[in-house]
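Beneath this line is the structure, given in structure tokens, with notes to follow.
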There are 2 protein chains.
Amino acid sequence: MINYPFNITNDEKNKSIISYKNRGLSLEKMINDSNKFYRFIDKALIYKKPTPIHVVKTNKENTITEAFFERPSTTDYNGIYKGKYIDFEAKETKSKTSFSLKNIQKNQIEHILRVHEMGGISFLIVYFTSLNKIFIYFAKDLKNFSKENKRNSIPLEEFINNGKEIPLTISPILNYLVFVDEALR
Amino acid sequence: MINYPFNITNDEKNKSIISYKNRGLSLEKMINDSNKFYRFIDKALIYKKPTPIHVVKTNKENTITEAFFERPSTTDYNGIYKGKYIDFEAKETKSKTSFSLKNIQKNQIEHILRVHEMGGISFLIVYFTSLNKIFIYFAKDLKNFSKENKRNSIPLEEFINNGKEIPLTISPILNYLVFVDEALR
């Protein structure tokens, strides 16, 4: 039983899933589109942070001619929802059984846990591409996978039992704030 | 009468100012150092967002060989303080009389105002380098300088009357959260 946030028919649901498959949407694209929708309806202001890049050289026209990708010190997304600070990381995995913690930097997990301790809303969104399932997994549960616990991966069952599956909807395509509302209750 | 957030002597104050002058610290460096201090003492998690860069080409070693600077859609700094969302932009000006609004993008001002409307804490920090003065100026006052008001600049008097001058201190060098506390009261 999936609890869809809006009243949509199975037909609409399938259409949405088919079109998203056909369009080959990445999780990043789905989240960016959803955040744009949230901003449009004045529900939340959440943005993806730019990728950190260390610029070495620029030419006369201010075009960058040499630069390197840097490791991010925090997560990809943050912003404001209901006056509160919201912060999360989004990851895809091809695995059908677990989310390997090699896919995420330790300092990113620590950042998510720290935001939670400070009273913010923080979580992971994980897309199991081979299963076509997307889960939201909050910091309170992620604590069991912090560096002290020396775990290598989060099993799929853990997402099923303690996370929430985010169904695809029409507007926005990934209505993850519904689950944030549930968590705030 | 400047209300220093910590009990420091005039001697210490002058030392701090001299060393900061000698080191030629930019506002960005001062804010980054202060944020690092706040994170260290678990007071707040505030980071500078990376500069948005559009990558065109990378080579085999994943070094970027062609890229362009993009316009930021939001502000430079955001994070969490006392569970709340905090968001601000920091700017320097050489002017001794006003802060020209050419120094800041209109969408950045609109973003600051929008965060305020959503219940977040948002402001500008402006450093008048020729006067050696740094001010914090909150969104509630910045409203008068939104695009509808067609103003070209914010006069220095406005910062003096409605903003707060941030004195330099030892740790952190720019203790701007003291003024956020005042505004929250």
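In the structure tokens, each chain is lettered A, B, ... as it comes, each chain's residues begin at 1, and ligands are numbered from 1 in order of appearance.
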
Next on the checklist: Using only C-alpha atoms and a cut-off of 10 Å, which residues of chain A sit close to chain B? Please list them as JSON, numbers by chain.
Outcome noted: {"A": [42, 43, 44, 45, 47, 48, 49, 50, 51, 52, 53, 54, 55, 56, 57, 58, 61, 62, 63, 64, 65, 66, 67, 68, 69, 70, 72, 73, 74, 78, 79, 80, 81, 82, 83, 84, 85, 86, 87, 111, 114, 115, 116, 117, 118, 119, 120, 121]}

With C-alpha atoms retained, could you export that selection as a short mmCIF file (atom, residue, chain, number, x, y, z; two decimals), in the first residue's frame?
```cif
data_model
loop_
_atom_site.label_atom_id
_atom_site.label_comp_id
_atom_site.auth_asym_id
_atom_site.auth_seq_id
_atom_site.Cartn_x
_atom_site.Cartn_y
_atom_site.Cartn_z
CA ASP A 42 5.81 29.42 -2.34
CA LYS A 43 5.97 26.20 -0.33
CA ALA A 44 9.73 26.02 0.20
CA LEU A 45 12.98 27.55 -1.02
CA TYR A 47 18.24 24.75 -4.07
CA LYS A 48 21.00 22.45 -5.21
CA LYS A 49 24.41 23.79 -4.26
CA PRO A 50 26.87 24.26 -7.11
CA THR A 51 29.59 21.63 -7.45
CA PRO A 52 32.72 22.93 -5.73
CA ILE A 53 35.42 23.65 -8.30
CA HIS A 54 38.93 24.93 -7.66
CA VAL A 55 39.80 27.36 -10.44
CA VAL A 56 43.49 27.40 -11.39
CA LYS A 57 43.60 29.50 -14.56
CA THR A 58 41.34 31.88 -16.47
CA GLU A 61 37.82 36.68 -21.43
CA ASN A 62 37.40 35.24 -17.92
CA THR A 63 36.84 31.75 -19.33
CA ILE A 64 38.20 29.07 -17.03
CA THR A 65 40.98 27.12 -18.79
CA GLU A 66 42.17 24.97 -15.89
CA ALA A 67 40.19 23.81 -12.87
CA PHE A 68 39.58 20.78 -10.68
CA PHE A 69 36.52 19.25 -9.07
CA GLU A 70 36.71 19.44 -5.29
CA PRO A 72 31.99 18.82 -1.22
CA SER A 73 32.16 19.44 2.55
CA THR A 74 28.39 19.34 2.98
CA ASN A 78 19.53 22.85 1.41
CA GLY A 79 17.02 25.57 2.08
CA ILE A 80 14.01 26.64 4.10
CA TYR A 81 10.68 24.89 4.69
CA LYS A 82 8.12 26.13 7.24
CA GLY A 83 10.79 28.45 8.65
CA LYS A 84 13.02 25.47 9.41
CA TYR A 85 16.37 24.56 7.96
CA ILE A 86 16.22 21.58 5.60
CA ASP A 87 19.27 19.72 4.29
CA HIS A 111 26.89 16.66 8.25
CA ARG A 114 24.88 17.26 12.82
CA VAL A 115 22.06 19.21 11.19
CA HIS A 116 19.59 16.85 12.91
CA GLU A 117 21.25 17.42 16.30
CA MET A 118 20.96 21.18 15.75
CA GLY A 119 17.21 20.91 15.21
CA GLY A 120 17.16 20.96 11.42
CA ILE A 121 15.38 18.55 9.09
#
```

Item to check | Exercise: Asn161 (chain B) partners within 12 Å, only C-alpha atoms, chain neighbours under 6 positions left out, as a list in words | outcome: Phe135, Ile136, Tyr137, Asp141, Ile154 and Pro155 of chain B

Checklist entry - Got a sec to tell me which of region 82-149 of chain B DSSP assigns to alpha helix (DSSP H), as a list of chain:residue names? => result B:Lys106, B:Asn107, B:Gln108, B:Ile109, B:Glu110, B:His111, B:Ile112, B:Leu113, B:Arg114, B:Val115, B:His116, B:Glu117, B:Ala139, B:Lys140, B:Asp141, B:Leu142

Since we have the selection now, will you write its residues out, keeping N, CA and C atoms, as a PDB file, in the first residue's frame?
```
ATOM      1  N   LYS B 106      19.744  41.814  -8.472  1.00  0.00           N
ATOM      2  CA  LYS B 106      18.356  41.992  -8.021  1.00  0.00           C
ATOM      3  C   LYS B 106      17.777  40.688  -7.491  1.00  0.00           C
ATOM      4  N   ASN B 107      18.085  39.576  -8.164  1.00  0.00           N
ATOM      5  CA  ASN B 107      17.511  38.302  -7.697  1.00  0.00           C
ATOM      6  C   ASN B 107      18.073  37.891  -6.328  1.00  0.00           C
ATOM      7  N   GLN B 108      19.254  38.393  -5.994  1.00  0.00           N
ATOM      8  CA  GLN B 108      19.801  38.105  -4.659  1.00  0.00           C
ATOM      9  C   GLN B 108      19.030  38.879  -3.584  1.00  0.00           C
ATOM     10  N   ILE B 109      18.708  40.141  -3.879  1.00  0.00           N
ATOM     11  CA  ILE B 109      17.895  40.922  -2.931  1.00  0.00           C
ATOM     12  C   ILE B 109      16.522  40.273  -2.786  1.00  0.00           C
ATOM     13  N   GLU B 110      15.932  39.877  -3.905  1.00  0.00           N
ATOM     14  CA  GLU B 110      14.607  39.249  -3.848  1.00  0.00           C
ATOM     15  C   GLU B 110      14.667  37.938  -3.048  1.00  0.00           C
ATOM     16  N   HIS B 111      15.765  37.206  -3.208  1.00  0.00           N
ATOM     17  CA  HIS B 111      15.926  35.960  -2.455  1.00  0.00           C
ATOM     18  C   HIS B 111      15.971  36.229  -0.945  1.00  0.00           C
ATOM     19  N   ILE B 112      16.742  37.247  -0.556  1.00  0.00           N
ATOM     20  CA  ILE B 112      16.839  37.608   0.867  1.00  0.00           C
ATOM     21  C   ILE B 112      15.458  37.968   1.429  1.00  0.00           C
ATOM     22  N   LEU B 113      14.683  38.733   0.642  1.00  0.00           N
ATOM     23  CA  LEU B 113      13.348  39.137   1.090  1.00  0.00           C
ATOM     24  C   LEU B 113      12.416  37.931   1.186  1.00  0.00           C
ATOM     25  N   ARG B 114      12.557  37.015   0.253  1.00  0.00           N
ATOM     26  CA  ARG B 114      11.693  35.822   0.226  1.00  0.00           C
ATOM     27  C   ARG B 114      11.968  34.906   1.421  1.00  0.00           C
ATOM     28  N   VAL B 115      13.239  34.759   1.761  1.00  0.00           N
ATOM     29  CA  VAL B 115      13.602  33.955   2.938  1.00  0.00           C
ATOM     30  C   VAL B 115      12.965  34.564   4.189  1.00  0.00           C
ATOM     31  N   HIS B 116      13.021  35.882   4.284  1.00  0.00           N
ATOM     32  CA  HIS B 116      12.431  36.590   5.423  1.00  0.00           C
ATOM     33  C   HIS B 116      10.926  36.331   5.505  1.00  0.00           C
ATOM     34  N   GLU B 117      10.253  36.413   4.369  1.00  0.00           N
ATOM     35  CA  GLU B 117       8.796  36.172   4.323  1.00  0.00           C
ATOM     36  C   GLU B 117       8.452  34.746   4.743  1.00  0.00           C
ATOM     37  N   ALA B 139      16.703  41.898   6.468  1.00  0.00           N
ATOM     38  CA  ALA B 139      15.717  41.893   5.382  1.00  0.00           C
ATOM     39  C   ALA B 139      14.549  42.838   5.634  1.00  0.00           C
ATOM     40  N   LYS B 140      14.118  42.968   6.896  1.00  0.00           N
ATOM     41  CA  LYS B 140      12.963  43.833   7.195  1.00  0.00           C
ATOM     42  C   LYS B 140      13.201  45.281   6.720  1.00  0.00           C
ATOM     43  N   ASP B 141      14.456  45.730   6.750  1.00  0.00           N
ATOM     44  CA  ASP B 141      14.790  47.082   6.288  1.00  0.00           C
ATOM     45  C   ASP B 141      15.118  47.100   4.799  1.00  0.00           C
ATOM     46  N   LEU B 142      15.706  46.016   4.345  1.00  0.00           N
ATOM     47  CA  LEU B 142      16.094  45.904   2.933  1.00  0.00           C
ATOM     48  C   LEU B 142      14.872  45.969   2.017  1.00  0.00           C
TER      49      LEU B 142
END
```

Item to check | Shell of 7 Å around Ile134 (chain B), only C-alpha atoms, local chain residues under 4 positions omitted, as a count of residues only | outcome: 6

Item to check | For CA of Ser95 (chain A) and CA of Thr129 (chain A), the interatomic separation in Å (one decimal) | outcome: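 Separation between CA of Ser95 (chain A) and CA of Thr129 (chain A): 7.8 Å.
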
Next on the checklist: If DSSP is run on the backbone, what residues of chain A are strand (DSSP E or B)? A reply as JSON, numbers by chain would be ideal.
Outcome noted: {"A": [44, 45, 46, 47, 48, 53, 54, 55, 56, 57, 58, 64, 65, 66, 67, 68, 69, 77, 78, 79, 80, 81, 84, 85, 86, 87, 88, 89, 90, 91, 92, 93, 98, 99, 100, 121, 122, 123, 124, 125, 126, 127, 128, 133, 134, 135, 136, 137, 138, 153, 154, 155, 164, 165, 168, 174]}

Next on the checklist: Please determine, counting only C-alpha atoms, which residue among A:Glu92, A:Asp33, A:Glu182, A:Glu28 has the shortest atom-to-atom distance to Asn132 (chain A).
Outcome noted: A:Glu92

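When the distance limit is 7 Å and only C-alpha atoms are what count, the residues near Met30 (chain A), minus those fewer than 4 positions from it on the same chain, are Leu25, Ser26, Ser34, Ile173 and Leu174 of chain A.
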
Item to check | Point-to-point distance from CA of Glu89 (chain A) to CA of Leu101 (chain A), Å rounded to tenths | outcome: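 Pair CA of Glu89 (chain A) / CA of Leu101 (chain A) returns 12.7 Å.
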